[in-house]
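model-v8.cif, holding mmCIF, N, CA and C atoms:
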```cif
data_upload
loop_
_atom_site.label_atom_id
_atom_site.label_comp_id
_atom_site.auth_asym_id
_atom_site.auth_seq_id
_atom_site.Cartn_x
_atom_site.Cartn_y
_atom_site.Cartn_z
N MET N 254 -67.56 2.10 -6.02
CA MET N 254 -67.40 3.54 -5.96
C MET N 254 -66.62 3.91 -4.71
N LYS N 255 -65.70 4.84 -4.86
CA LYS N 255 -64.98 5.40 -3.73
C LYS N 255 -65.54 6.79 -3.45
N TRP N 256 -66.20 6.92 -2.32
CA TRP N 256 -66.80 8.22 -2.00
C TRP N 256 -65.74 9.31 -1.92
N GLN N 257 -64.50 8.93 -1.60
CA GLN N 257 -63.42 9.90 -1.49
C GLN N 257 -63.15 10.62 -2.81
N ASP N 258 -63.55 10.03 -3.91
CA ASP N 258 -63.37 10.67 -5.22
C ASP N 258 -64.35 11.83 -5.41
N TYR N 259 -65.39 11.90 -4.62
CA TYR N 259 -66.46 12.89 -4.80
C TYR N 259 -66.69 13.81 -3.61
N ILE N 260 -66.15 13.44 -2.45
CA ILE N 260 -66.41 14.19 -1.23
C ILE N 260 -65.09 14.62 -0.60
N SER N 261 -65.06 15.86 -0.13
CA SER N 261 -63.86 16.34 0.56
C SER N 261 -64.25 17.17 1.77
N VAL N 262 -63.29 17.33 2.66
CA VAL N 262 -63.47 18.18 3.84
C VAL N 262 -62.32 19.18 3.83
N THR N 263 -62.67 20.44 3.73
CA THR N 263 -61.69 21.52 3.71
C THR N 263 -62.08 22.52 4.79
N PRO N 264 -61.18 22.78 5.74
CA PRO N 264 -61.53 23.67 6.85
C PRO N 264 -62.07 25.04 6.44
N THR N 265 -61.66 25.55 5.29
CA THR N 265 -62.09 26.89 4.87
C THR N 265 -63.35 26.89 4.02
N ILE N 266 -63.92 25.73 3.78
CA ILE N 266 -65.14 25.63 2.96
C ILE N 266 -66.25 25.05 3.83
N SER N 267 -67.35 25.76 3.91
CA SER N 267 -68.54 25.32 4.67
C SER N 267 -68.20 24.88 6.09
N HIS N 268 -67.31 25.64 6.73
CA HIS N 268 -66.93 25.39 8.12
C HIS N 268 -66.36 23.99 8.34
N GLY N 269 -65.70 23.43 7.32
CA GLY N 269 -65.08 22.13 7.45
C GLY N 269 -66.04 20.96 7.35
N LYS N 270 -67.26 21.20 6.92
CA LYS N 270 -68.23 20.11 6.75
C LYS N 270 -67.94 19.38 5.44
N ALA N 271 -68.27 18.11 5.38
CA ALA N 271 -68.07 17.32 4.17
C ALA N 271 -68.92 17.89 3.04
N CYS N 272 -68.27 18.19 1.91
CA CYS N 272 -68.94 18.74 0.73
C CYS N 272 -68.55 17.94 -0.51
N PHE N 273 -69.36 18.08 -1.52
CA PHE N 273 -69.02 17.47 -2.80
C PHE N 273 -67.94 18.31 -3.46
N LYS N 274 -66.93 17.65 -3.96
CA LYS N 274 -65.79 18.35 -4.56
C LYS N 274 -66.26 19.32 -5.65
N GLY N 275 -65.67 20.50 -5.64
CA GLY N 275 -66.00 21.51 -6.62
C GLY N 275 -67.27 22.28 -6.33
N THR N 276 -67.89 22.00 -5.18
CA THR N 276 -69.12 22.69 -4.79
C THR N 276 -69.02 23.08 -3.32
N ARG N 277 -70.00 23.82 -2.86
CA ARG N 277 -70.15 24.10 -1.43
C ARG N 277 -71.40 23.39 -0.91
N ILE N 278 -71.83 22.39 -1.61
CA ILE N 278 -73.02 21.64 -1.22
C ILE N 278 -72.60 20.55 -0.23
N MET N 279 -73.14 20.64 0.97
CA MET N 279 -72.76 19.68 2.01
C MET N 279 -73.43 18.33 1.79
N VAL N 280 -72.69 17.29 2.11
CA VAL N 280 -73.21 15.93 1.99
C VAL N 280 -74.45 15.77 2.87
N SER N 281 -74.45 16.41 4.01
CA SER N 281 -75.60 16.29 4.93
C SER N 281 -76.89 16.79 4.29
N ILE N 282 -76.80 17.76 3.40
CA ILE N 282 -78.01 18.27 2.73
C ILE N 282 -78.61 17.18 1.86
N VAL N 283 -77.77 16.49 1.12
CA VAL N 283 -78.27 15.40 0.26
C VAL N 283 -78.86 14.28 1.11
N LEU N 284 -78.17 13.92 2.18
CA LEU N 284 -78.68 12.86 3.05
C LEU N 284 -79.99 13.27 3.72
N ASP N 285 -80.08 14.51 4.16
CA ASP N 285 -81.33 15.00 4.75
C ASP N 285 -82.48 14.94 3.75
N ASN N 286 -82.20 15.32 2.51
CA ASN N 286 -83.24 15.26 1.47
C ASN N 286 -83.67 13.83 1.19
N LEU N 287 -82.72 12.91 1.14
CA LEU N 287 -83.07 11.50 0.94
C LEU N 287 -83.92 10.99 2.10
N ALA N 288 -83.52 11.35 3.32
CA ALA N 288 -84.27 10.92 4.51
C ALA N 288 -85.68 11.49 4.52
N ALA N 289 -85.84 12.67 3.94
CA ALA N 289 -87.16 13.30 3.88
C ALA N 289 -88.03 12.73 2.77
N GLY N 290 -87.47 11.81 1.98
CA GLY N 290 -88.26 11.15 0.95
C GLY N 290 -88.15 11.75 -0.44
N LEU N 291 -87.26 12.71 -0.63
CA LEU N 291 -87.10 13.28 -1.97
C LEU N 291 -86.43 12.25 -2.89
N SER N 292 -86.81 12.27 -4.13
CA SER N 292 -86.21 11.37 -5.12
C SER N 292 -84.88 11.96 -5.58
N PRO N 293 -84.00 11.12 -6.12
CA PRO N 293 -82.76 11.66 -6.69
C PRO N 293 -83.01 12.75 -7.72
N ASP N 294 -84.02 12.57 -8.57
CA ASP N 294 -84.33 13.59 -9.58
C ASP N 294 -84.68 14.92 -8.93
N GLU N 295 -85.45 14.88 -7.84
CA GLU N 295 -85.81 16.12 -7.15
C GLU N 295 -84.58 16.80 -6.55
N ILE N 296 -83.67 16.00 -6.02
CA ILE N 296 -82.46 16.56 -5.44
C ILE N 296 -81.59 17.19 -6.52
N TYR N 297 -81.41 16.49 -7.63
CA TYR N 297 -80.59 17.04 -8.72
C TYR N 297 -81.23 18.30 -9.32
N LYS N 298 -82.56 18.36 -9.31
CA LYS N 298 -83.24 19.55 -9.82
C LYS N 298 -82.97 20.74 -8.90
N SER N 299 -82.94 20.49 -7.59
CA SER N 299 -82.68 21.55 -6.62
C SER N 299 -81.21 21.97 -6.60
N TYR N 300 -80.33 21.04 -6.91
CA TYR N 300 -78.88 21.28 -6.86
C TYR N 300 -78.25 20.83 -8.18
N PRO N 301 -78.45 21.58 -9.25
CA PRO N 301 -77.99 21.14 -10.57
C PRO N 301 -76.47 21.03 -10.71
N SER N 302 -75.70 21.62 -9.80
CA SER N 302 -74.25 21.50 -9.90
C SER N 302 -73.70 20.21 -9.27
N LEU N 303 -74.59 19.41 -8.68
CA LEU N 303 -74.13 18.13 -8.11
C LEU N 303 -73.68 17.19 -9.22
N PRO N 304 -72.57 16.49 -9.00
CA PRO N 304 -72.18 15.47 -9.98
C PRO N 304 -73.19 14.32 -9.96
N LYS N 305 -73.31 13.62 -11.06
CA LYS N 305 -74.29 12.52 -11.15
C LYS N 305 -74.07 11.45 -10.09
N GLU N 306 -72.83 11.30 -9.65
CA GLU N 306 -72.51 10.27 -8.66
C GLU N 306 -72.71 10.74 -7.22
N ALA N 307 -73.19 11.95 -7.03
CA ALA N 307 -73.26 12.54 -5.70
C ALA N 307 -74.12 11.73 -4.73
N ILE N 308 -75.26 11.30 -5.14
CA ILE N 308 -76.15 10.60 -4.22
C ILE N 308 -75.55 9.27 -3.79
N GLN N 309 -75.00 8.52 -4.73
CA GLN N 309 -74.36 7.25 -4.37
C GLN N 309 -73.16 7.50 -3.47
N ALA N 310 -72.39 8.56 -3.75
CA ALA N 310 -71.24 8.89 -2.91
C ALA N 310 -71.70 9.27 -1.50
N ALA N 311 -72.79 10.00 -1.38
CA ALA N 311 -73.31 10.39 -0.07
C ALA N 311 -73.74 9.16 0.73
N ILE N 312 -74.38 8.22 0.07
CA ILE N 312 -74.81 6.99 0.75
C ILE N 312 -73.60 6.18 1.19
N ALA N 313 -72.59 6.09 0.34
CA ALA N 313 -71.36 5.36 0.69
C ALA N 313 -70.65 6.03 1.86
N TYR N 314 -70.64 7.35 1.87
CA TYR N 314 -70.02 8.11 2.96
C TYR N 314 -70.77 7.84 4.27
N ALA N 315 -72.09 7.89 4.23
CA ALA N 315 -72.90 7.62 5.42
C ALA N 315 -72.70 6.19 5.91
N ALA N 316 -72.59 5.26 4.99
CA ALA N 316 -72.35 3.87 5.38
C ALA N 316 -71.01 3.74 6.10
N GLU N 317 -70.01 4.42 5.59
CA GLU N 317 -68.69 4.40 6.23
C GLU N 317 -68.77 4.97 7.65
N LEU N 318 -69.48 6.07 7.82
CA LEU N 318 -69.62 6.67 9.14
C LEU N 318 -70.38 5.77 10.10
N SER N 319 -71.28 4.96 9.58
CA SER N 319 -72.12 4.13 10.45
C SER N 319 -71.36 2.93 11.02
N HIS N 320 -70.15 2.71 10.57
CA HIS N 320 -69.37 1.58 11.09
C HIS N 320 -68.97 1.79 12.54
N GLU N 321 -69.07 3.03 13.02
CA GLU N 321 -68.83 3.35 14.41
C GLU N 321 -67.53 2.78 14.94
N ARG N 322 -66.48 2.99 14.21
CA ARG N 322 -65.16 2.53 14.66
C ARG N 322 -64.72 3.35 15.86
N ILE N 323 -63.96 2.70 16.73
CA ILE N 323 -63.39 3.40 17.87
C ILE N 323 -61.99 3.82 17.48
N LEU N 324 -61.75 5.12 17.54
CA LEU N 324 -60.46 5.66 17.17
C LEU N 324 -59.70 6.08 18.42
N ALA N 325 -58.43 5.72 18.46
CA ALA N 325 -57.60 6.14 19.59
C ALA N 325 -57.25 7.61 19.41
N LEU N 326 -57.46 8.39 20.44
CA LEU N 326 -57.12 9.81 20.42
C LEU N 326 -55.84 10.02 21.19
N SER N 327 -54.96 10.82 20.62
CA SER N 327 -53.72 11.11 21.34
C SER N 327 -53.99 12.16 22.41
N ALA N 328 -53.31 12.03 23.51
CA ALA N 328 -53.52 12.95 24.63
C ALA N 328 -52.74 14.22 24.49
#
```
Translate the structure of the given file into structure tokens.
Amino acid sequence: MKWQDYISVTPTISHGKACFKGTRIMVSIVLDNLAAGLSPDEIYKSYPSLPKEAIQAAIAYAAELSHERILALSA
């Protein structure tokens, strides 16, 4: 799965936070719910507009962020 197919960042939507494409649901909300112990079914019940692949995409996105790469910043 490519999380990029399901998640986007648009400066004018949700203050530029990562959201699921076609929604204003932030990826962090799904990750927070998973961390709090909610089941995927509970999350989908609370957010019925989430695509079925949303939870797996959120986990893949979080895994990518956890790689803690060092990025060169231009001055």
Output the residue selection produced by the PyMOL selection byres ((chain N and resi 280) around 8) on the file above, formatted as a PyMOL selection string.
-> chain N and resi 260+270-273+277-279+281-286+307+310-311
With distances taken over all atoms listed in the file, the candidate from N:Leu287, N:Ile308, N:Ser292, N:Ser302 nearest Gly275 of chain N is N:Ser302
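Across the structure, atom CA of Gln309 of chain N and atom CA of Met254 of chain N are spaced 8.0 Å apart.
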Work out how far atom N of Val262 of chain N is from atom C of Ala288 of chain N, in Å to one decimal.
-> 23.2 Å
Hey, what does DSSP flag as helix (DSSP H, G or I) within chain N? Can you give it to me as a ChimeraX atom specification?
-> /N:256-258,267-269,280-288,293-299,307-318
Taking the point (-68.2, 6.2, -0.2) as given in the file, collect each protein or nucleic acid residue that comes within 5 Å of it, counting all atoms listed in the file, and present the set as a PyMOL selection string.
-> chain N and resi 255-257+310+313-314
Take atom CA of Thr276 of chain N and atom C of Leu303 of chain N and report the distance between them in Å, one decimal.
-> 8.4 Å
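Within 6 Å of the file-frame point (-79.8, 11.8, -6.8), and using only C-alpha atoms, the polymer residues found are Pro293, Asp294, Ile296, Tyr297 and Ile308 of chain N.
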Filtered DSSP result for chain N, state strand (DSSP E), as a list in words |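 So the strand (DSSP E) residues in chain N would be Ile260, Ser261, Cys272 and Phe273 of chain N.
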